[in-house]
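Asker: One structure, as structure tokens, below. Some questions next.
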Amino acid sequence: MFSLLCAALLIASVHCWYTCDELEFCSNIRHNYDGTSFSLSNILVNDAVTGTLVNNQNGESFALKFVALDGDTFRLTVQDADNSRYTPEADVLKAAPTEQPIALVSSTDDLTVLSVGEELVVKLYSSPFQIQLLRDDVVVLEVNKANRLTINNDIKDKSLALDISFPVANAAYGLPEHGEGLSLRSTGPGSSNSYRMFNVDNPAYPTYTGESLYGAISVLYGVSSSSVSSGIFWMNGAQTFIDITNEGDGVDSLFISETGALELFLFAGPTLKDCVRQYTALTGVAPLPQYFTLGYHQSRYSYMTQEDVETVVTEFDNHNFPVDVIWLDIDYSYGYEYFTWNYTAFPNPEAMQYNLAATVSGGVVQAVLSADGCLECIESSSLLPCTLHSNWHTNSMCTVTGGGDIAIYPVSTDSHLTQSGAVLTLNSTHITNDIVS
């Protein structure tokens, strides 16, 4: 059985865990650069910068927009003329970013100079197309410095690519989630695999290979120990590969995506903390963990039946060992399909969840705090008698509900619970599955 499982995982790895060089769209861009350049024309500067980006080889044109946003952030968008390329903006950004005025400083046929505030200057080069972002006269970001901009517009190939450089950085961070060190190593053609952004469930991933894992966030920070740090966010929902060149004299990157619009946010820092704040201002911050997540979690590979699950929790109770969460691997499902149940092995999953929540480890029970400080039962589940476990009277953590808020207090010590009649709900044992693991 184990050998069959290993064989299945090996077959899956061949079909799911690709490198850039194994995929034609990526390998062509990574290795077969043909020198194609783009030019920027029809530049208009109002509240935003708009223009036409033209492929100098085949004459195809694309709509360009460059805007300044709140908090020393900029946004570059390149779309097909009919605006047909997909963008994940509605799913990624917490709200429409607030745009800021951008001032025209000077303009020639080859160079448009813009300013935002007193410290930030943007230089747009027309041919070949390039962007430089300067803070206090120091170039902190360069877009298309190596002239690797690629936008394929064939019906069978909608891939795109762009190089971004951090000329004063001496380390690169970001690009979660990979089995890598905190400081990103160099990749590049002839060196090693690119960092892949494509969510996969890889149970035995190798480290330092660039293979993708459970999450894919294309945010990259170029960090300087002596100058300005900056960052970028490549907002693209398609499969993406990133090469990093980090050899001490600046950091260079190349982003290659299978399809989608070109959506790039530039973060002007000046510190790494500022860059992180600029990124999270767009997407939001991670929520604080729910209270139950801080408790004891029980998991193994795998609980095969409902009886197995209930027996394990019963043994925890028999040994007075509190457990807050029990995890089910994918064997609870029908045919390994999420949002289904295998009713042969789990004949009554709803009752199982209710009964688990009613164990001593958890306790679904309504109670009030009596005048003498003891919990008195109002309502309980079928498996929990109205007489509460003795240590709940003095040591239990209870949830006070009211006004839409939930607060956790120790019953015996918190002054907020001294008044008679406060409604309490004892914590429940949670059951979860590997959808959210």
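Residue names in the structure tokens use chain letters A, B, ... in the order shown, residue numbers from 1 in each chain, and ligand numbers from 1 in the order shown.
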Would you mind listing what lies within 8 Å of stretch 264-269 of chain A as a list of chain:residue names, with only C-alpha atoms counted and same-chain residues fewer than 6 positions away left out?

Answerer: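 Here the answer would be A:Asp72, A:Thr73, A:Phe74, A:Arg75, A:Leu76, A:Thr77, A:Leu133, A:Arg135, A:Val140, A:Leu141, A:Val228, A:Ser229, A:Ser230, A:Gly231, A:Ile232, A:Phe233, A:Trp234, A:Met235, A:Cys275, A:Gln278, A:Tyr279.
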
Asker: Apply DSSP to the structure's backbone, then extract all residues of stretch 160-398 of chain A labelled helix (DSSP H, G or I) and return them as a ChimeraX atom specification.

Answerer: /A:272-283,291-294,306-318,330-332,349-357,390-393

Asker: Once you count only C-alpha atoms, what closest atom pair and distance in Å to one decimal does each residue of stretch 111-172 of chain A within 10 Å of stretch 45-69 of chain A have, with rows by chain and rising residue number, as a Markdown table?

Answerer:
| residue | atom | partner | partner_atom | distance |
| --- | --- | --- | --- | --- |
| A:Thr112 | CA | A:Val45 | CA | 9.4 |
| A:Leu114 | CA | A:Val45 | CA | 8.9 |
| A:Ser115 | CA | A:Ala68 | CA | 9.5 |
| A:Val116 | CA | A:Ala68 | CA | 7.5 |
| A:Val122 | CA | A:Ala68 | CA | 10.0 |
| A:Leu124 | CA | A:Val49 | CA | 9.9 |
| A:Ser126 | CA | A:Leu53 | CA | 9.0 |
| A:Ser127 | CA | A:Asn56 | CA | 9.4 |
| A:Pro128 | CA | A:Asn56 | CA | 9.1 |
| A:Phe129 | CA | A:Leu53 | CA | 8.0 |
| A:Leu149 | CA | A:Asn55 | CA | 9.6 |
| A:Thr150 | CA | A:Asn55 | CA | 8.8 |
| A:Ile151 | CA | A:Asn55 | CA | 8.4 |
| A:Asn152 | CA | A:Glu60 | CA | 9.6 |
| A:Asn153 | CA | A:Glu60 | CA | 8.4 |

Asker: Rank A:Thr36, A:Ala146, A:Gly174, A:Thr259 by their smallest atom-to-atom distance to A:Asp80, using only C-alpha atoms, and report the top residue only.

Answerer: A:Thr259

Asker: Skipping near chain neighbours, those fewer than 6 positions away, what residues fall within 10 Å of A:Gly188 using only C-alpha atoms, listed as number ranges by chain?

Answerer: A: 30-31, 194-195, 242-246, 252-254

Asker: Would you export the selected residues with N, CA and C atoms as an mmCIF file, in the first residue's frame, please?

Answerer:
data_model
loop_
_atom_site.group_PDB
_atom_site.id
_atom_site.type_symbol
_atom_site.label_atom_id
_atom_site.label_comp_id
_atom_site.auth_asym_id
_atom_site.auth_seq_id
_atom_site.Cartn_x
_atom_site.Cartn_y
_atom_site.Cartn_z
ATOM 1 N N ARG A 30 12.721 32.759 -21.076
ATOM 2 C CA ARG A 30 13.896 32.721 -20.199
ATOM 3 C C ARG A 30 15.191 32.558 -20.975
ATOM 4 N N HIS A 31 15.162 31.732 -22.027
ATOM 5 C CA HIS A 31 16.401 31.362 -22.708
ATOM 6 C C HIS A 31 16.550 31.952 -24.108
ATOM 7 N N SER A 194 13.857 28.529 -11.531
ATOM 8 C CA SER A 194 13.199 29.764 -11.140
ATOM 9 C C SER A 194 12.262 29.501 -9.974
ATOM 10 N N TYR A 195 11.902 30.550 -9.259
ATOM 11 C CA TYR A 195 10.866 30.459 -8.238
ATOM 12 C C TYR A 195 9.512 30.371 -8.940
ATOM 13 N N ILE A 242 9.844 33.356 -11.475
ATOM 14 C CA ILE A 242 10.686 34.517 -11.209
ATOM 15 C C ILE A 242 12.135 34.091 -11.090
ATOM 16 N N ASP A 243 12.986 34.773 -11.839
ATOM 17 C CA ASP A 243 14.431 34.604 -11.692
ATOM 18 C C ASP A 243 14.981 35.755 -10.869
ATOM 19 N N ILE A 244 15.924 35.457 -9.992
ATOM 20 C CA ILE A 244 16.584 36.446 -9.151
ATOM 21 C C ILE A 244 18.092 36.391 -9.409
ATOM 22 N N THR A 245 18.685 37.559 -9.613
ATOM 23 C CA THR A 245 20.144 37.667 -9.659
ATOM 24 C C THR A 245 20.552 38.557 -8.506
ATOM 25 N N ASN A 246 21.257 37.969 -7.546
ATOM 26 C CA ASN A 246 21.589 38.666 -6.303
ATOM 27 C C ASN A 246 23.036 38.359 -5.967
ATOM 28 N N ASP A 252 18.551 41.971 -9.398
ATOM 29 C CA ASP A 252 17.757 41.973 -10.634
ATOM 30 C C ASP A 252 16.747 40.840 -10.588
ATOM 31 N N SER A 253 15.594 41.068 -11.190
ATOM 32 C CA SER A 253 14.561 40.033 -11.232
ATOM 33 C C SER A 253 13.912 40.015 -12.602
ATOM 34 N N LEU A 254 13.395 38.850 -12.962
ATOM 35 C CA LEU A 254 12.651 38.664 -14.205
ATOM 36 C C LEU A 254 11.388 37.897 -13.885
#

Asker: Which residue is closest to A:Asn342? Choose from A:Gln306, A:Tyr291, A:Gln130, A:Ser186 and count only C-alpha atoms.

Answerer: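 Using only C-alpha atoms, A:Asn342 sits closest to A:Gln306.
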
Asker: Just the strand (DSSP E or B) stuff from stretch 212-268 of chain A, please, per backbone DSSP, written as a short mmCIF file (atom, residue, chain, number, x, y, z; two decimals) with C-alpha atoms, in the first residue's frame.

Answerer:
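selection37.cif written:
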data_model
loop_
_atom_site.label_atom_id
_atom_site.label_comp_id
_atom_site.auth_asym_id
_atom_site.auth_seq_id
_atom_site.Cartn_x
_atom_site.Cartn_y
_atom_site.Cartn_z
CA VAL A 219 5.73 40.51 -3.70
CA LEU A 220 9.47 41.19 -3.78
CA TYR A 221 11.59 43.53 -1.67
CA GLY A 222 15.06 44.80 -2.53
CA VAL A 223 16.70 45.63 0.79
CA SER A 230 12.12 49.38 -2.21
CA GLY A 231 9.68 46.75 -3.42
CA ILE A 232 7.26 45.60 -6.08
CA PHE A 233 4.06 43.59 -6.30
CA TRP A 234 3.41 41.68 -9.54
CA THR A 240 4.39 32.74 -12.84
CA PHE A 241 8.13 32.09 -12.65
CA ILE A 242 10.69 34.52 -11.21
CA ASP A 243 14.43 34.60 -11.69
CA ILE A 244 16.58 36.45 -9.15
CA THR A 245 20.14 37.67 -9.66
CA ASN A 246 21.59 38.67 -6.30
CA VAL A 251 19.31 42.80 -7.27
CA ASP A 252 17.76 41.97 -10.63
CA SER A 253 14.56 40.03 -11.23
CA LEU A 254 12.65 38.66 -14.20
CA PHE A 255 8.92 37.89 -13.89
CA ILE A 256 7.37 35.52 -16.45
CA SER A 257 3.60 34.87 -16.40
CA LEU A 262 0.66 43.40 -16.80
CA GLU A 263 -0.12 44.89 -13.37
CA LEU A 264 2.87 46.14 -11.38
CA PHE A 265 2.96 48.14 -8.14
CA LEU A 266 6.15 49.96 -7.16
CA PHE A 267 6.95 50.69 -3.50
#

Asker: Go through A:Cys26, A:Ala169, A:Ala81, A:Cys20 and flag the residue nearest A:Ser224, using only C-alpha atoms for the distances.

Answerer: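 Going through A:Cys26, A:Ala169, A:Ala81, A:Cys20 one by one, the smallest distance to A:Ser224 is for A:Ala169.
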